[in-house]
Amino acid sequence: MARDAMDLQGNLSSKMLWQVIASVSAWKPKDVVDKELQKVRLQLLDVLSVYKKPTNATTAKFKTGQSGKTNSEEASCTQFVLKLSEVLDLDAAQCNDLLSLYLLYEYRGSQDEFKNILSDERHSRILLVEIWHYYHNERLYLLRCLKHLLSYCSDTSHPYHSSYQKCIAELTNDKNKFILSVVDQYETACLATLPGASSSEADLVEKLGFQWMVYNLKEQLESLQIVLLYYREKDMTPEMFLRLLSLFKKQGFSRRQINRHLLDQSVEPFVKALAHMQVVLLLKAIDLEWLFQCQQQDSEPKDYYLLASEDVWKKANNSMGTLGEVREHGAVLLAWALVHHVTQGAKGAITSRKLGNMALQCDVFEYVHDLLTSPLLSGKMVVAAYAKSVVYSLVQVLLECFHEESLGNMDTLFSIGCEVFKIPGIAHNMWEVGLDRGAGLLLTSASQLFPLDGGPALNLCAALASASTFSAGKVVSYLHSMTGFSEYLELIPSSGLEDCAEAAKLLQAARYPYQTESFVIPGRTLGVCFNAAHGTGIRWQCDVNGWQVCLCEVHAMLAQTAGWLGEPCVETVLAVGRVVHSVLQSDRGRVDDLSDLTEMLIDLLQRLSQISHPPLKLLAECLQVAADVASVYPAQVWEKVSQSGLLPTAEVGEDALQQIIRGSSSRQSALDGIIVGFEGQSGDYSVTLGFLELLKHTAPALCELHASKHRPSLLASLVFMMREVFGSFHKWRYVDSNQRQQIGLRCLEIFHKILSLDGEAESVVQKACVEGLLFSDAGSTLLSVVAVGADEVQLALEQQTSWTEGTGVELIHLVRLGLSVLNRLLLLKPTSRTASPVELALCTQPPNKQQLHVTATIVQYIYHRYDARLPTLAALLLKRVAVVFPMSLLACLGNSAVAIRDVYVTRLQFSAEDIRLKIAILELLSTCVETQPGLTELFLNLSENEPGKNKGFTLGKFSCLHAVVDIIQTNKQKWPAELQRAAVEYIAALWIGRNDTAMNVLRERKSFWLDLSSCLFMDSVADNVRTCAFVMRIIAAELYNVQSYDKLDKELYEVLKSLIKADRLSFWSKFLQRNTDGMEQEGRTADLCPLLLLTAWRELLLILAQEECLQLPESMKVSLLTQVLDAVRAQLLGDRESTVLKILSEIVLRLVVRWSRHPSCRRAVIAKFGGILHELRVNAGLLHPRIQLNLLATMATIINDAERQREAGKKQQFVDMMSDVCALLQYNMRHGDSSDIFTKVFALARNRDDA
């Protein structure tokens, strides 16, 4: 019963469904997504109500259905399902299906182990807990499927837009049934109590109480996100608004959970996220966007949906009147105050003012800012972007209704603006509406203080610039054409001012606010005084180039000679750096436009490096700007930064590379002191991240530019990063734990780029990287990243408030990069060097027997299903390990080998699995055929037939050959060409490695040879060249092994006859003739690989030429010979590629030896050979001796056969060719040695004398 789950592959679990429709790592074919969505439409419509509670009737029915199974194992399984039904409070039949899906997708043991678990009470309880977790994750994944569909159903740029739109339309065509079902289930989750508390496993259930409550909070959170996304395109009814408001109030905005006694402080992020979603949903329900449109158009607000019924309006007012006790109420009260202000006019003023004051008492703006910066809503997913658009609507209406100065301290509002303006749609809307209305007034108000308090305006500009290229362009234009310049009045001599009106001054003469004449305020400019933070300010009403002001602010800091820098000055320059960084991030084409400012910010690095206590945030921002410019001008930026004294330097000696790698030649740098002395103590590593960003953009680029003069400083920085940063970053203390992941990611990105440089790029830096990673502490860190393990990754994913963003997703990216870097490292490691600590860790048992082998940890990434790229890269690394180390991968797996085999095979067979993972698995298996015989036998899973049956072997249920045969079947041409190539390559490995048992099993499969050779009959072969090459090798190996017609498989014989009858041998010969040019040129696509095809064609053609299994028509022999000779002559006239010519000349020689007894073949050779010998003589100095030997040996063979056949008429043709032969003889006697070629040449000369 347990392993019948293999038959359920057509039924996806919710987790697998989410991975298919979301396509986390790679886009699935659209028809696959359509098919799966159609299958689960009813399941999505019912949402969580699809899971039914058990009843006496359903339990009795299940027992009746299982009563016929008398097998003890099946009886144990039935009892386990019934116990599972009690614990989960789930229908027994659904528990049975749940168990089957668990065994198929999540179980980490073998079939025999599962039987043992059922018979052991202690182990069966552990299995109960695992399935309990699996069930609750399934519920969450079902909700996530709906959330994903709703997120992108209206996004026309999404590849599955039409599929999602159709599915959502089908779900929502029954009026409000769908959304009512979701809200009902949210309410059910709020009122739920711990299930299974009265079951026979009550003690086990009680221990799971806290974890159940976490799952319950996640279900509530997912449900509210679905409701929010649903109403993004739909209008909410008044009844639904009142219902949600009542629900949220009753729950105390998530604070009054029924099961709060089960919670502790660790779940506070989920409770806060739930409250945030409730607030955003109510703000959306109030329809602030409609209110703003109403204000813009100055229309009557009679159509506001909550005014449609007096009863609804009264109930809503009564409910709102009871709010104001906690911070979460503030935003809702503020929104309701705006409703009264817009819809009720003068009569609503008192209520509006009262509600507004209550909102301010709840710290409404601080709460909204916290909401926007929370983990759930600070990311880039659709829910977060839409929540920010809801808050943006709140700000729009607020600033439209009230003057910003009446709202108190504007700093928090400016911070809110910085968060919402980062969204591209919001930024575009703000520019479209204008700066004199709505949220645009934030930027207008902030600009009134520029540059006296330039931070707010510049920070808002930075947020807008980061949104999109369009918005960045608008920011550049806005700053270029500002109106007004603010400064403190006390800085201006009173003699230079003239009173002209109340709070107004007239500037008598031109004023230079900075110590430079590049910026001037013209004389007779009017200024308006105002109260500033530290005195009286004055705003000059004149046109100002904001970029010029920014330049002057940075120049003023550079001009300061004292060691201490004023905080206002630092904050302003920091904001300038943010704007420049944001503009360049969005539009690299602006690098030249902002060159003056970027050069000054980079020059500022030297000034900051000399300060004993530098402003770290400013230093980090300057490094970020340097990194942005370095992406365009790497050499120039690196030279300037190297001269600043910030980066490490190194002395260059005779053994400079080894000295630098050991760190013995590196000098103490300012960066080293900053990391150790300041960042290490504060736990904030912004400067380190800026340095890594700079190195990421410069190191690979400088290597490709062969900038040798920068090599010492680049090597010093690279080794510093390896030894001091990457080698120990995981041990540091962090205020923001996300920085740990970011540092690891950037280090690995640098390694990956350097290790991926081609052979022409700078090799010294790459060598230093390889040596440093293999023989320093950085290698241990790399192994610790790679060995994080699938369990740790899954745990990090589950702790995220969002399933698509957070530390878990970043951890996956980190491990993926680590696997890729380690793969490249093993590939580039010099074979002459002794084994490094990294290699020893991979190929030896760990000293602690309780510790899992690193290689075994890598293998177990196959259990990870969130991102298929992770197990794919793990499989590719294992492929490299299998080649490099003389070890047994099977021994590393220990007792888990069979279970891991089962998962690999299951994922290989799964129809909706990522294609790249399947290819990686097949490539790993192909490599293991030669290097890992034990692992190969495990995956073949062949068992000898029982006595009394036919001799031979049968495939086990978990044999990889099932999937391989399915992939190559001609009646299932649904697989991509690359996957078919990988399957055929695995079969070729079995044939070349002479795995007789597997070969016999495959031979016995019906239509095996027909399916395998189908690609040889295709006319369009551009995508299948590699596949065809492997097929040719398999057939050649089979013919070589058989060597007689009697032993040849009849199906293969028919295939060969069809190849001859359809003239496919000539087709492939002509195809190769057309594609031999440029075979050895760099840049050829891996898919074509004509050289691989040529070698395979040689093997097949030469084995067919022996004619031991079937005869070739003489006309075909002449045609094939002629085409090969034409290809040889074309090569001699063209590229003269050595490898290709050696193969072609060998084919000519072998075919002539076999076929020269046929007069027509001899005539064909003689007719072509004169021109070939002439070109051979002309290019003798450029050709490998073996090519000359093969062609001259061919000539000798023809002469000898003609002599035996007494063909006197051919002698004159041979005599004519002797001049070229003699010339070749003379050339080789002058330039050659006593090689075999002279023996053949002298034989030819003797034949000439005889003639």
# chains A, B, ... in the order shown; residues from 1 in each chain; ligands from 1
$ residues_around --residues "stretch 315-323 of chain A" --least-positions-apart "5" --cutoff "8 Å" --atoms "only C-alpha atoms" --output "list in words"
Leu242, Leu245, Ser246, His329, Leu333 and Trp336 of chain A
$ closest_atom_pairs --of "stretch 6-75 of chain A" --to "stretch 185-209 of chain A" --cutoff "10 Å" --atoms "only C-alpha atoms" --output "CSV"
residue,atom,partner,partner_atom,distance
A:Asp46,CA,A:Gln185,CA,9.8
A:Val47,CA,A:Gln185,CA,8.3
A:Leu48,CA,A:Gln185,CA,7.0
A:Ser49,CA,A:Gln185,CA,7.5
$ write_last_selection --atoms "C-alpha atoms" --output "compact mmCIF listing (two decimals), in the first residue's frame"
# COMPACT_ATOMS: atom_id res chain seq x y z
CA ASP A 46 -13.18 24.81 -2.02
CA VAL A 47 -9.82 25.98 -0.61
CA LEU A 48 -9.22 24.45 2.83
CA SER A 49 -12.74 23.04 3.06
$ residues_around --residues "stretch 484-495 of chain A" --least-positions-apart "4" --cutoff "8 Å" --atoms "only C-alpha atoms" --output "VMD selection string"
chain A and resid 448 to 452 529 532 535 to 544
$ residues_around --residues "A:Leu1191" --least-positions-apart "5" --cutoff "8 Å" --atoms "only C-alpha atoms" --output "PyMOL selection string"
chain A and resi 1145+1148-1149
$ write_last_selection --atoms "N, CA and C atoms" --output "mmCIF file, in the first residue's frame"
data_model
loop_
_atom_site.group_PDB
_atom_site.id
_atom_site.type_symbol
_atom_site.label_atom_id
_atom_site.label_comp_id
_atom_site.auth_asym_id
_atom_site.auth_seq_id
_atom_site.Cartn_x
_atom_site.Cartn_y
_atom_site.Cartn_z
ATOM 1 N N SER A 1145 41.066 11.582 -42.774
ATOM 2 C CA SER A 1145 42.078 10.786 -43.488
ATOM 3 C C SER A 1145 42.086 9.340 -43.013
ATOM 4 N N VAL A 1148 39.150 7.629 -44.690
ATOM 5 C CA VAL A 1148 39.490 7.321 -46.084
ATOM 6 C C VAL A 1148 40.346 6.065 -46.160
ATOM 7 N N LEU A 1149 41.392 6.016 -45.341
ATOM 8 C CA LEU A 1149 42.296 4.867 -45.360
ATOM 9 C C LEU A 1149 41.569 3.570 -45.039
#
$ select_by_dssp --residues "stretch 908-1058 of chain A" --states "strand (DSSP E)" --output "number ranges by chain"
A: 942-944, 953-955
$ closest_residue --among "A:Ser374, A:Gln845, A:Asn1041, A:Asn357" --to "A:Gln800" --atoms "only C-alpha atoms"
A:Ser374
$ closest_residue --among "A:Thr804, A:Gln610, A:Thr78, A:Ser644" --to "A:Ser713" --atoms "only C-alpha atoms"
A:Ser644
$ residues_around --residues "A:Glu571" --least-positions-apart "3" --cutoff "9 Å" --atoms "only C-alpha atoms" --output "ChimeraX atom specification"
/A:453-455,566-568,574-576,618
$ residues_around --residues "A:Leu98" --least-positions-apart "6" --cutoff "12 Å" --atoms "only C-alpha atoms" --output "ChimeraX atom specification"
/A:2,5,8,11-14,51,81,84-85,88,90-92,104-107,128,130-139
$ write_last_selection --atoms "C-alpha atoms" --output "PDB file, in the first residue's frame"
ATOM      1  CA  ALA A   2       2.751   2.433   0.970  1.00  0.00           C
ATOM      2  CA  ALA A   5       2.260   5.923  -4.117  1.00  0.00           C
ATOM      3  CA  LEU A   8      -0.053   8.677  -7.819  1.00  0.00           C
ATOM      4  CA  ASN A  11      -1.941  13.576  -8.594  1.00  0.00           C
ATOM      5  CA  LEU A  12       0.184  16.466  -7.428  1.00  0.00           C
ATOM      6  CA  SER A  13       0.490  17.438  -3.811  1.00  0.00           C
ATOM      7  CA  SER A  14      -0.270  21.085  -3.054  1.00  0.00           C
ATOM      8  CA  TYR A  51     -10.078  18.706   3.798  1.00  0.00           C
ATOM      9  CA  VAL A  81      -3.957   5.608   8.749  1.00  0.00           C
ATOM     10  CA  LEU A  84      -3.382   9.516  11.618  1.00  0.00           C
ATOM     11  CA  SER A  85      -7.046  10.365  11.049  1.00  0.00           C
ATOM     12  CA  LEU A  88      -5.136  15.254  12.160  1.00  0.00           C
ATOM     13  CA  LEU A  90      -9.088  14.374   8.932  1.00  0.00           C
ATOM     14  CA  ASP A  91     -11.169  11.910   6.928  1.00  0.00           C
ATOM     15  CA  ALA A  92      -9.524   8.460   6.836  1.00  0.00           C
ATOM     16  CA  LEU A 104       6.090   9.791  -2.813  1.00  0.00           C
ATOM     17  CA  TYR A 105       7.365  13.334  -2.298  1.00  0.00           C
ATOM     18  CA  GLU A 106       8.746  13.737   1.228  1.00  0.00           C
ATOM     19  CA  TYR A 107       9.627  10.377   2.794  1.00  0.00           C
ATOM     20  CA  LEU A 128       3.079  10.613  12.686  1.00  0.00           C
ATOM     21  CA  GLU A 130       6.428  14.166  10.164  1.00  0.00           C
ATOM     22  CA  ILE A 131       3.139  13.594   8.344  1.00  0.00           C
ATOM     23  CA  TRP A 132       1.441  16.031  10.728  1.00  0.00           C
ATOM     24  CA  HIS A 133       3.882  18.708   9.583  1.00  0.00           C
ATOM     25  CA  TYR A 134       3.439  17.648   5.953  1.00  0.00           C
ATOM     26  CA  TYR A 135      -0.345  17.970   6.205  1.00  0.00           C
ATOM     27  CA  HIS A 136      -0.233  21.488   7.604  1.00  0.00           C
ATOM     28  CA  ASN A 137       2.300  22.539   4.992  1.00  0.00           C
ATOM     29  CA  GLU A 138      -0.023  21.120   2.325  1.00  0.00           C
ATOM     30  CA  ARG A 139      -2.802  23.357   3.599  1.00  0.00           C
TER      31      ARG A 139
END
$ residues_around --residues "stretch 433-438 of chain A" --least-positions-apart "5" --cutoff "10 Å" --atoms "only C-alpha atoms" --output "PDB file with N, CA and C atoms, in the first residue's frame"
ATOM      1  N   PHE A 292      -9.759  60.050  -3.256  1.00  0.00           N
ATOM      2  CA  PHE A 292      -8.818  60.979  -3.895  1.00  0.00           C
ATOM      3  C   PHE A 292      -9.346  61.429  -5.248  1.00  0.00           C
ATOM      4  N   GLN A 295     -11.907  64.026  -4.717  1.00  0.00           N
ATOM      5  CA  GLN A 295     -11.332  65.327  -4.408  1.00  0.00           C
ATOM      6  C   GLN A 295     -10.775  65.999  -5.658  1.00  0.00           C
ATOM      7  N   GLN A 296     -10.119  65.206  -6.516  1.00  0.00           N
ATOM      8  CA  GLN A 296      -9.519  65.766  -7.717  1.00  0.00           C
ATOM      9  C   GLN A 296     -10.574  66.355  -8.649  1.00  0.00           C
ATOM     10  N   TYR A 392      -0.128  54.568  -0.126  1.00  0.00           N
ATOM     11  CA  TYR A 392       0.059  55.724  -1.003  1.00  0.00           C
ATOM     12  C   TYR A 392      -1.255  56.474  -1.200  1.00  0.00           C
ATOM     13  N   SER A 393      -2.347  55.721  -1.370  1.00  0.00           N
ATOM     14  CA  SER A 393      -3.669  56.354  -1.501  1.00  0.00           C
ATOM     15  C   SER A 393      -4.031  57.116  -0.227  1.00  0.00           C
ATOM     16  N   LEU A 394      -3.672  56.543   0.930  1.00  0.00           N
ATOM     17  CA  LEU A 394      -3.924  57.232   2.204  1.00  0.00           C
ATOM     18  C   LEU A 394      -3.175  58.560   2.242  1.00  0.00           C
ATOM     19  N   VAL A 395      -1.911  58.541   1.831  1.00  0.00           N
ATOM     20  CA  VAL A 395      -1.105  59.766   1.829  1.00  0.00           C
ATOM     21  C   VAL A 395      -1.664  60.772   0.820  1.00  0.00           C
ATOM     22  N   GLN A 396      -2.107  60.264  -0.321  1.00  0.00           N
ATOM     23  CA  GLN A 396      -2.676  61.142  -1.347  1.00  0.00           C
ATOM     24  C   GLN A 396      -3.864  61.942  -0.787  1.00  0.00           C
ATOM     25  N   VAL A 397      -4.807  61.219  -0.193  1.00  0.00           N
ATOM     26  CA  VAL A 397      -6.017  61.876   0.322  1.00  0.00           C
ATOM     27  C   VAL A 397      -5.663  62.796   1.490  1.00  0.00           C
ATOM     28  N   LEU A 398      -4.761  62.346   2.348  1.00  0.00           N
ATOM     29  CA  LEU A 398      -4.384  63.127   3.521  1.00  0.00           C
ATOM     30  C   LEU A 398      -3.821  64.491   3.113  1.00  0.00           C
ATOM     31  N   LEU A 399      -2.881  64.472   2.155  1.00  0.00           N
ATOM     32  CA  LEU A 399      -2.252  65.722   1.745  1.00  0.00           C
ATOM     33  C   LEU A 399      -3.167  66.560   0.855  1.00  0.00           C
ATOM     34  N   GLU A 400      -4.151  65.923   0.243  1.00  0.00           N
ATOM     35  CA  GLU A 400      -5.125  66.666  -0.540  1.00  0.00           C
ATOM     36  C   GLU A 400      -6.109  67.404   0.375  1.00  0.00           C
ATOM     37  N   CYS A 401      -6.378  66.807   1.515  1.00  0.00           N
ATOM     38  CA  CYS A 401      -7.365  67.385   2.433  1.00  0.00           C
ATOM     39  C   CYS A 401      -6.752  68.358   3.432  1.00  0.00           C
ATOM     40  N   HIS A 428       5.522  56.389 -10.960  1.00  0.00           N
ATOM     41  CA  HIS A 428       4.992  56.874 -12.235  1.00  0.00           C
ATOM     42  C   HIS A 428       3.721  57.699 -11.999  1.00  0.00           C
ATOM     43  N   LEU A 443       7.353  65.833  -1.791  1.00  0.00           N
ATOM     44  CA  LEU A 443       8.606  66.268  -2.403  1.00  0.00           C
ATOM     45  C   LEU A 443       8.669  67.793  -2.477  1.00  0.00           C
ATOM     46  N   THR A 444       7.539  68.423  -2.790  1.00  0.00           N
ATOM     47  CA  THR A 444       7.506  69.890  -2.850  1.00  0.00           C
ATOM     48  C   THR A 444       7.824  70.494  -1.484  1.00  0.00           C
ATOM     49  N   SER A 445       7.230  69.934  -0.441  1.00  0.00           N
ATOM     50  CA  SER A 445       7.457  70.443   0.910  1.00  0.00           C
ATOM     51  C   SER A 445       8.897  70.217   1.342  1.00  0.00           C
TER      52      SER A 445
END
